[in-house]
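Only one structure is covered here, and it is reproduced in the block below.
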Number of protein chains: 2
Amino acid sequence: MSSEFALIDRYFKQPAAQHIAALGQLILGIGDDCALLDVPAGMRLAVSKDMLIEHRHFFSNVDPQSLGHKTLAVNLSDLAAMGAQPLGCLLGLGLPRVDDAWLNAFAKGFLDLAAASGCPLIGGDTVKTPHDISLSVTVLGYVPQTQPALLRHAAQVSDDIWVSGFLGAADLAYRIRAGLFDTDQAPTGQLRSETTSIGIAHLNQTHLDQVNKALDWPTPRLQLGQALLGIAHAAVDISDGLLQDLNHILKASHVGAILYEPLLPVAPALFQVSPAVRQRAILSGGDTYELCFTAPVSARTKITELAKQTGVQLSRVGQIVEAQGIAIFDEHNRLITPAMSGFDHFSE
Amino acid sequence: MSSEFALIDRYFKQPAAQHIAALGQLILGIGDDCALLDVPAGMRLAVSKDMLIEHRHFFSNVDPQSLGHKTLAVNLSDLAAMGAQPLGCLLGLGLPRVDDAWLNAFAKGFLDLAAASGCPLIGGDTVKTPHDISLSVTVLGYVPQTQPALLRHAAQVSDDIWVSGFLGAADLAYRIRAGLFDTDQAPTGQLRSETTSIGIAHLNQTHLDQVNKALDWPTPRLQLGQALLGIAHAAVDISDGLLQDLNHILKASHVGAILYEPLLPVAPALFQVSPAVRQRAILSGGDTYELCFTAPVSARTKITELAKQTGVQLSRVGQIVEAQGIAIFDEHNRLITPAMSGFDHFSE
């Protein structure tokens, strides 16, 4: 009788039910007023919520399977930045219309990552919207009560600053796909010629695939985050750009940072674009979902071992200092003023 | 520097911080990747998520303070229907523009109810939308691990069916405000004359105030839901209409129901409109947020006492039976076929 409920049942309920047996803590999933679950003994609940809006966070013609993946991935990334282990998730799905093929693909992308991450879909809401697709996910996870989570205010002076993976690829993919290189904040005036020089034709297919994958299929660093508990001090995931997200740690911890540009892990495709565009992508490009964390100098060996264990490149890129702000040095040890900006929804 | 973060700080952060001391379990609120909190010992987490979309769930010119209230209230109502006590909430706020006065009022409505319900705002997300306001709330609560929550599949044959408060007022207010009486499913063909006979002029100010309050300022039945633990079997909150929501219980419990129309608690203003419109509002009108629950006959005395304690009218309106479906009898004990439909987002 009711297509809203049929929608939930059809695309999202079955796989969640399959998870119930696997996850001992889930008492009741989709289908009642609330989901019920037990947080494991000795554990503290971690909870986060992110929204993704059509035209704002993704293009209308995005592959729906990758969108389903990314919708959950960006939320799991918040758990990763806390060192939390996933417990379950809720999905708010606002759609202007019901499209079977789209929903099938979206659900597959979402539920595949949910299964791979041990984060079953336990509830949510489905509504019709007048114009745009509106996605809202809440993730639940847990951290040990006896061990400090990776908190933004926990950075200490003389900590090393580390970054996982590579930077800049998702930003480049976004700019290529949007058909524009908006370089308001680029340090040079060579805007027009740069735009020309970064035409898609100048990236080979391997590089194009790499940057597209970075934008569409981000990997939340869940294992890494959990492994960093007890090793790292502060952590954040890079959703709005390295400088802006690192700045959250700095402000919360009342400290500053020095970054060494030559140490920043540059995604290979970025060497195909001009230095100005590259610098902007690395320092201010969002949608990366790598972790930026601080750790004491004494933890360097452990962290290097961790990189081998997890297979995730970990780069030491700077240091926490007492002076406020961020100072960036280039390969000649000259202080540079970067195109310093991240993604902020209400500043235009 | 960043207005998105300033927005969260300015309107929503301060009051949540004030709650931290009051609520022992909240370790970390707004301002990190996740909120951290402890579920009290011996308790099971209950979690739910509802979305509200402009033009779909509320009019653009709605009073923002009441919208803030209602956005949280409809979510708390899901906790109430489970018998859960609130623990905290997260708000996803998608706005096409920043309007100080609007945000101030919205935040006041939301945070006042959060404070009154012991449900501090512990996190969320703020994004810009291209067209419509998109609101998404997740509520967290808890129920005792040792006592069954109020579950939809727990109704038993011969249970009484109860309804809290009064029915139909919110539906009437909605139809008056929308300027239309869409009676597709009305049992009579007297559509045009009915529309005329329910002009706003025919409701006095007291009645108008009552129905508007029912639509704009619903009261989640949190105390009642918690008090019903161990007394009631199944429960649901009436968000989509009595018949549709009761039907969730019936389908989940594999039972049917008999309702006695004369026993249904009719909001006083409803006596000012035609019987057909009244019947439709009572049986199928959404946005009520009263509880419909089932309880054994042996619990009648306890429930009557509970009504006195909580000050909420509780009406016994029918019975759970073995036969599937819902049969409704009128004051002459005749079986009637009502305008049976609730709110479903994807059926038009």
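Ligands are numbered from 1 in the order shown, residues from 1 within each chain, and chains are lettered A, B, ... in the order they appear in the structure tokens.
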Just the helix (DSSP H, G or I) stuff from stretch 190-321 of chain A, please, per backbone DSSP, written as a PyMOL selection string.
chain A and resi 191-197+200-202+205-216+222-228+242-253+261-263+268-272+275-284+297-310
Stretch 202-213 of chain A surroundings by only C-alpha atoms, 8 Å radius, close-in-sequence under 4 positions cut, as a PyMOL selection string:
chain A and resi 169-170+172-173+197-198+217-218+268-269+272
Keeping only N, CA and C atoms, take the residues you just selected and write them out as a PDB file, in the first residue's frame.
```pdb
ATOM      1  N   ALA A 169      44.333  14.974  -4.954  1.00  0.00           N
ATOM      2  CA  ALA A 169      43.741  14.304  -6.116  1.00  0.00           C
ATOM      3  C   ALA A 169      42.244  14.603  -6.241  1.00  0.00           C
ATOM      4  N   ALA A 170      41.518  14.520  -5.126  1.00  0.00           N
ATOM      5  CA  ALA A 170      40.070  14.732  -5.188  1.00  0.00           C
ATOM      6  C   ALA A 170      39.753  16.158  -5.644  1.00  0.00           C
ATOM      7  N   LEU A 172      41.579  18.044  -7.608  1.00  0.00           N
ATOM      8  CA  LEU A 172      41.838  18.149  -9.044  1.00  0.00           C
ATOM      9  C   LEU A 172      40.685  17.536  -9.845  1.00  0.00           C
ATOM     10  N   ALA A 173      40.209  16.366  -9.402  1.00  0.00           N
ATOM     11  CA  ALA A 173      39.096  15.708 -10.092  1.00  0.00           C
ATOM     12  C   ALA A 173      37.858  16.606 -10.073  1.00  0.00           C
ATOM     13  N   SER A 197      46.279  24.890 -19.570  1.00  0.00           N
ATOM     14  CA  SER A 197      47.322  23.881 -19.457  1.00  0.00           C
ATOM     15  C   SER A 197      46.876  22.658 -18.657  1.00  0.00           C
ATOM     16  N   ILE A 198      45.713  22.725 -17.982  1.00  0.00           N
ATOM     17  CA  ILE A 198      45.276  21.569 -17.199  1.00  0.00           C
ATOM     18  C   ILE A 198      44.104  20.886 -17.861  1.00  0.00           C
ATOM     19  N   TRP A 217      35.430   7.589  -4.598  1.00  0.00           N
ATOM     20  CA  TRP A 217      35.508   6.387  -3.756  1.00  0.00           C
ATOM     21  C   TRP A 217      36.498   6.584  -2.612  1.00  0.00           C
ATOM     22  N   PRO A 218      36.318   7.607  -1.787  1.00  0.00           N
ATOM     23  CA  PRO A 218      37.263   7.819  -0.685  1.00  0.00           C
ATOM     24  C   PRO A 218      37.237   6.647   0.296  1.00  0.00           C
ATOM     25  N   PRO A 268      50.263  11.611  -7.294  1.00  0.00           N
ATOM     26  CA  PRO A 268      51.101  11.646  -8.506  1.00  0.00           C
ATOM     27  C   PRO A 268      50.522  12.512  -9.628  1.00  0.00           C
ATOM     28  N   ALA A 269      49.222  12.472  -9.836  1.00  0.00           N
ATOM     29  CA  ALA A 269      48.628  13.221 -10.950  1.00  0.00           C
ATOM     30  C   ALA A 269      48.866  14.721 -10.804  1.00  0.00           C
ATOM     31  N   GLN A 272      51.287  16.828 -12.883  1.00  0.00           N
ATOM     32  CA  GLN A 272      50.940  17.179 -14.258  1.00  0.00           C
ATOM     33  C   GLN A 272      50.357  18.580 -14.365  1.00  0.00           C
TER      34      GLN A 272
END
```
Residues of chain A within 8 Å of chain B, counting only C-alpha atoms - could you list those as a ChimeraX atom specification?
/A:2-4,32-39,43-53,55-56,78-79,81-82,90-92,94,97-98,123-132,134,136,138,151-152,236-237,344-347
Test item, strand (DSSP E or B) assignment across stretch 247-276 of chain A, answer as a compact mmCIF listing (two decimals) with N, CA, C and O atoms, in the first residue's frame:
```txt
# COMPACT_ATOMS: atom_id res chain seq x y z
N GLY A 256 50.25 26.36 17.49
CA GLY A 256 50.44 26.66 16.08
C GLY A 256 51.15 25.51 15.39
O GLY A 256 51.44 24.48 16.02
N ALA A 257 51.43 25.68 14.09
CA ALA A 257 52.06 24.59 13.35
C ALA A 257 53.04 25.13 12.32
O ALA A 257 52.85 26.21 11.75
N ILE A 258 54.11 24.35 12.11
CA ILE A 258 55.01 24.57 10.98
C ILE A 258 54.83 23.38 10.04
O ILE A 258 54.82 22.23 10.48
N LEU A 259 54.62 23.69 8.76
CA LEU A 259 54.54 22.62 7.76
C LEU A 259 55.69 22.78 6.77
O LEU A 259 56.06 23.91 6.44
N TYR A 260 56.25 21.66 6.33
CA TYR A 260 57.30 21.68 5.33
C TYR A 260 56.71 21.18 4.01
O TYR A 260 56.39 20.00 3.87
N VAL A 266 52.15 14.32 -2.12
CA VAL A 266 51.43 14.83 -3.28
C VAL A 266 50.94 13.65 -4.14
O VAL A 266 51.74 12.78 -4.51
```
Skip A:Phe293 itself and residues of its chain fewer than 5 positions away, then list as a PyMOL selection string all residues within 6 Å of it, counting only C-alpha atoms.
chain A and resi 161-162+234-235
Just give me the gap between atom CA of A:Ser164 and atom CA of A:Phe59 in Å, one decimal is fine.
26.8 Å
If I take atom CA of B:Val317 and atom CA of B:Leu263, how far is one from the other in Å, to one decimal?
5.1 Å
Between B:Ser298, B:Gln85, B:Thr288, B:Gln223, which is the closest to B:Ser158 once you count only C-alpha atoms?
B:Ser298
Using Å and a single decimal, report how far atom CA of B:Ser239 sits from atom CA of B:Leu264.
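Here the two named atoms are 16.5 Å from each other.
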Excluding stretch 307-309 of chain A and any residue of its chain fewer than 4 positions from it, enumerate the residues within 12 Å of it, using only C-alpha atoms, and give them as a PDB file with all heavy atoms, in the first residue's frame.
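After the write, around25.pdb holds the following:
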```pdb
ATOM      1  N   TRP A 162      51.419  14.513  11.199  1.00  0.00           N
ATOM      2  CA  TRP A 162      51.420  13.442  10.207  1.00  0.00           C
ATOM      3  C   TRP A 162      50.192  13.548   9.307  1.00  0.00           C
ATOM      4  O   TRP A 162      49.138  14.032   9.727  1.00  0.00           O
ATOM      5  CB  TRP A 162      51.386  12.081  10.895  1.00  0.00           C
ATOM      6  CG  TRP A 162      52.582  11.746  11.733  1.00  0.00           C
ATOM      7  CD1 TRP A 162      52.850  12.179  12.995  1.00  0.00           C
ATOM      8  CD2 TRP A 162      53.667  10.888  11.363  1.00  0.00           C
ATOM      9  NE1 TRP A 162      54.031  11.660  13.454  1.00  0.00           N
ATOM     10  CE2 TRP A 162      54.555  10.849  12.473  1.00  0.00           C
ATOM     11  CE3 TRP A 162      53.982  10.148  10.223  1.00  0.00           C
ATOM     12  CZ2 TRP A 162      55.736  10.090  12.446  1.00  0.00           C
ATOM     13  CZ3 TRP A 162      55.142   9.393  10.210  1.00  0.00           C
ATOM     14  CH2 TRP A 162      56.020   9.378  11.314  1.00  0.00           C
ATOM     15  N   VAL A 163      50.342  13.056   8.090  1.00  0.00           N
ATOM     16  CA  VAL A 163      49.216  12.981   7.154  1.00  0.00           C
ATOM     17  C   VAL A 163      49.209  11.596   6.527  1.00  0.00           C
ATOM     18  O   VAL A 163      50.262  11.079   6.143  1.00  0.00           O
ATOM     19  CB  VAL A 163      49.338  14.060   6.051  1.00  0.00           C
ATOM     20  CG1 VAL A 163      48.348  13.798   4.922  1.00  0.00           C
ATOM     21  CG2 VAL A 163      49.128  15.448   6.634  1.00  0.00           C
ATOM     22  N   SER A 164      48.044  10.983   6.437  1.00  0.00           N
ATOM     23  CA  SER A 164      47.942   9.669   5.787  1.00  0.00           C
ATOM     24  C   SER A 164      47.703   9.840   4.294  1.00  0.00           C
ATOM     25  O   SER A 164      47.185  10.863   3.842  1.00  0.00           O
ATOM     26  CB  SER A 164      46.816   8.845   6.411  1.00  0.00           C
ATOM     27  OG  SER A 164      45.557   9.385   6.070  1.00  0.00           O
ATOM     28  N   GLY A 165      48.087   8.831   3.516  1.00  0.00           N
ATOM     29  CA  GLY A 165      47.792   8.800   2.079  1.00  0.00           C
ATOM     30  C   GLY A 165      48.413   9.944   1.300  1.00  0.00           C
ATOM     31  O   GLY A 165      49.518  10.390   1.609  1.00  0.00           O
ATOM     32  N   ARG A 221      39.681   6.017   6.916  1.00  0.00           N
ATOM     33  CA  ARG A 221      40.863   5.387   7.513  1.00  0.00           C
ATOM     34  C   ARG A 221      40.537   4.798   8.885  1.00  0.00           C
ATOM     35  O   ARG A 221      41.146   5.169   9.910  1.00  0.00           O
ATOM     36  CB  ARG A 221      41.994   6.399   7.608  1.00  0.00           C
ATOM     37  CG  ARG A 221      42.463   6.943   6.261  1.00  0.00           C
ATOM     38  CD  ARG A 221      43.012   5.841   5.382  1.00  0.00           C
ATOM     39  NE  ARG A 221      43.605   6.366   4.129  1.00  0.00           N
ATOM     40  CZ  ARG A 221      43.964   5.582   3.130  1.00  0.00           C
ATOM     41  NH1 ARG A 221      43.799   4.268   3.201  1.00  0.00           N
ATOM     42  NH2 ARG A 221      44.481   6.115   2.041  1.00  0.00           N
ATOM     43  N   GLN A 223      40.779   1.627  10.241  1.00  0.00           N
ATOM     44  CA  GLN A 223      41.793   0.798  10.908  1.00  0.00           C
ATOM     45  C   GLN A 223      42.906   1.655  11.465  1.00  0.00           C
ATOM     46  O   GLN A 223      43.352   1.475  12.594  1.00  0.00           O
ATOM     47  CB  GLN A 223      42.395  -0.166   9.894  1.00  0.00           C
ATOM     48  CG  GLN A 223      41.730  -1.529   9.831  1.00  0.00           C
ATOM     49  CD  GLN A 223      42.606  -2.462   8.998  1.00  0.00           C
ATOM     50  OE1 GLN A 223      42.826  -2.183   7.807  1.00  0.00           O
ATOM     51  NE2 GLN A 223      43.134  -3.503   9.612  1.00  0.00           N
ATOM     52  N   LEU A 224      43.350   2.601  10.624  1.00  0.00           N
ATOM     53  CA  LEU A 224      44.435   3.487  11.049  1.00  0.00           C
ATOM     54  C   LEU A 224      44.034   4.269  12.295  1.00  0.00           C
ATOM     55  O   LEU A 224      44.789   4.356  13.264  1.00  0.00           O
ATOM     56  CB  LEU A 224      44.796   4.445   9.907  1.00  0.00           C
ATOM     57  CG  LEU A 224      45.826   5.518  10.247  1.00  0.00           C
ATOM     58  CD1 LEU A 224      47.173   4.896  10.589  1.00  0.00           C
ATOM     59  CD2 LEU A 224      45.990   6.522   9.100  1.00  0.00           C
ATOM     60  N   GLY A 225      42.825   4.854  12.266  1.00  0.00           N
ATOM     61  CA  GLY A 225      42.360   5.639  13.408  1.00  0.00           C
ATOM     62  C   GLY A 225      42.358   4.819  14.687  1.00  0.00           C
ATOM     63  O   GLY A 225      42.852   5.264  15.737  1.00  0.00           O
ATOM     64  N   ALA A 227      44.086   2.143  15.308  1.00  0.00           N
ATOM     65  CA  ALA A 227      45.458   1.763  15.675  1.00  0.00           C
ATOM     66  C   ALA A 227      46.208   2.931  16.315  1.00  0.00           C
ATOM     67  O   ALA A 227      47.151   2.726  17.080  1.00  0.00           O
ATOM     68  CB  ALA A 227      46.208   1.276  14.437  1.00  0.00           C
ATOM     69  N   LEU A 228      45.773   4.159  16.014  1.00  0.00           N
ATOM     70  CA  LEU A 228      46.472   5.342  16.549  1.00  0.00           C
ATOM     71  C   LEU A 228      46.078   5.662  17.993  1.00  0.00           C
ATOM     72  O   LEU A 228      46.703   6.496  18.641  1.00  0.00           O
ATOM     73  CB  LEU A 228      46.191   6.558  15.662  1.00  0.00           C
ATOM     74  CG  LEU A 228      46.931   6.589  14.321  1.00  0.00           C
ATOM     75  CD1 LEU A 228      46.418   7.726  13.451  1.00  0.00           C
ATOM     76  CD2 LEU A 228      48.445   6.727  14.545  1.00  0.00           C
ATOM     77  N   ARG A 300      57.630   7.958  16.682  1.00  0.00           N
ATOM     78  CA  ARG A 300      57.949   7.848  15.253  1.00  0.00           C
ATOM     79  C   ARG A 300      58.124   6.407  14.788  1.00  0.00           C
ATOM     80  O   ARG A 300      57.620   6.015  13.737  1.00  0.00           O
ATOM     81  CB  ARG A 300      59.223   8.648  14.928  1.00  0.00           C
ATOM     82  CG  ARG A 300      58.966  10.138  14.870  1.00  0.00           C
ATOM     83  CD  ARG A 300      60.229  10.916  14.534  1.00  0.00           C
ATOM     84  NE  ARG A 300      59.993  12.348  14.745  1.00  0.00           N
ATOM     85  CZ  ARG A 300      60.925  13.277  14.627  1.00  0.00           C
ATOM     86  NH1 ARG A 300      62.162  12.931  14.297  1.00  0.00           N
ATOM     87  NH2 ARG A 300      60.629  14.547  14.828  1.00  0.00           N
ATOM     88  N   THR A 301      58.832   5.605  15.560  1.00  0.00           N
ATOM     89  CA  THR A 301      59.075   4.216  15.148  1.00  0.00           C
ATOM     90  C   THR A 301      57.764   3.447  15.068  1.00  0.00           C
ATOM     91  O   THR A 301      57.485   2.746  14.089  1.00  0.00           O
ATOM     92  CB  THR A 301      60.021   3.521  16.159  1.00  0.00           C
ATOM     93  OG1 THR A 301      61.122   4.384  16.410  1.00  0.00           O
ATOM     94  CG2 THR A 301      60.503   2.197  15.617  1.00  0.00           C
ATOM     95  N   LYS A 302      56.961   3.598  16.102  1.00  0.00           N
ATOM     96  CA  LYS A 302      55.655   2.920  16.115  1.00  0.00           C
ATOM     97  C   LYS A 302      54.815   3.307  14.905  1.00  0.00           C
ATOM     98  O   LYS A 302      54.148   2.471  14.291  1.00  0.00           O
ATOM     99  CB  LYS A 302      54.874   3.308  17.382  1.00  0.00           C
ATOM    100  CG  LYS A 302      55.157   2.444  18.590  1.00  0.00           C
ATOM    101  CD  LYS A 302      54.167   2.775  19.714  1.00  0.00           C
ATOM    102  CE  LYS A 302      54.615   2.164  21.034  1.00  0.00           C
ATOM    103  NZ  LYS A 302      53.848   2.701  22.168  1.00  0.00           N
ATOM    104  N   ILE A 303      54.824   4.586  14.571  1.00  0.00           N
ATOM    105  CA  ILE A 303      53.987   5.061  13.467  1.00  0.00           C
ATOM    106  C   ILE A 303      54.510   4.531  12.133  1.00  0.00           C
ATOM    107  O   ILE A 303      53.740   4.157  11.250  1.00  0.00           O
ATOM    108  CB  ILE A 303      53.902   6.601  13.493  1.00  0.00           C
ATOM    109  CG1 ILE A 303      53.093   7.031  14.723  1.00  0.00           C
ATOM    110  CG2 ILE A 303      53.264   7.141  12.214  1.00  0.00           C
ATOM    111  CD1 ILE A 303      53.075   8.516  14.992  1.00  0.00           C
ATOM    112  N   GLN A 313      50.299   4.872   3.504  1.00  0.00           N
ATOM    113  CA  GLN A 313      51.466   5.749   3.638  1.00  0.00           C
ATOM    114  C   GLN A 313      51.220   6.798   4.717  1.00  0.00           C
ATOM    115  O   GLN A 313      50.163   7.435   4.754  1.00  0.00           O
ATOM    116  CB  GLN A 313      51.749   6.450   2.304  1.00  0.00           C
ATOM    117  CG  GLN A 313      52.780   7.564   2.458  1.00  0.00           C
ATOM    118  CD  GLN A 313      53.503   7.881   1.168  1.00  0.00           C
ATOM    119  OE1 GLN A 313      53.778   7.015   0.351  1.00  0.00           O
ATOM    120  NE2 GLN A 313      53.824   9.155   0.998  1.00  0.00           N
ATOM    121  N   LEU A 314      52.193   6.960   5.603  1.00  0.00           N
ATOM    122  CA  LEU A 314      52.081   7.984   6.644  1.00  0.00           C
ATOM    123  C   LEU A 314      53.276   8.913   6.519  1.00  0.00           C
ATOM    124  O   LEU A 314      54.427   8.471   6.594  1.00  0.00           O
ATOM    125  CB  LEU A 314      52.045   7.334   8.031  1.00  0.00           C
ATOM    126  CG  LEU A 314      50.855   6.388   8.280  1.00  0.00           C
ATOM    127  CD1 LEU A 314      50.943   5.747   9.662  1.00  0.00           C
ATOM    128  CD2 LEU A 314      49.536   7.136   8.134  1.00  0.00           C
ATOM    129  N   SER A 315      53.016  10.205   6.304  1.00  0.00           N
ATOM    130  CA  SER A 315      54.088  11.170   6.072  1.00  0.00           C
ATOM    131  C   SER A 315      54.163  12.164   7.226  1.00  0.00           C
ATOM    132  O   SER A 315      53.152  12.744   7.615  1.00  0.00           O
ATOM    133  CB  SER A 315      53.823  11.945   4.771  1.00  0.00           C
ATOM    134  OG  SER A 315      53.619  11.053   3.694  1.00  0.00           O
ATOM    135  N   ARG A 316      55.370  12.333   7.716  1.00  0.00           N
ATOM    136  CA  ARG A 316      55.602  13.338   8.756  1.00  0.00           C
ATOM    137  C   ARG A 316      55.834  14.666   8.042  1.00  0.00           C
ATOM    138  O   ARG A 316      56.781  14.787   7.264  1.00  0.00           O
ATOM    139  CB  ARG A 316      56.814  12.937   9.597  1.00  0.00           C
ATOM    140  CG  ARG A 316      57.065  13.801  10.782  1.00  0.00           C
ATOM    141  CD  ARG A 316      57.892  13.055  11.825  1.00  0.00           C
ATOM    142  NE  ARG A 316      59.119  12.481  11.279  1.00  0.00           N
ATOM    143  CZ  ARG A 316      60.258  13.176  11.110  1.00  0.00           C
ATOM    144  NH1 ARG A 316      60.318  14.457  11.431  1.00  0.00           N
ATOM    145  NH2 ARG A 316      61.333  12.567  10.612  1.00  0.00           N
TER     146      ARG A 316
END
```
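If only C-alpha atoms are the atoms counted, then among A:Pro296, A:Pro144, A:Gly241, A:Gly109 the closest residue to A:Val157 is A:Pro296.
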Using only C-alpha atoms, which of the listed residues (B:Ile238, B:Leu121, B:Leu246, B:Ile231) sits closest to B:Gly318?
B:Leu246
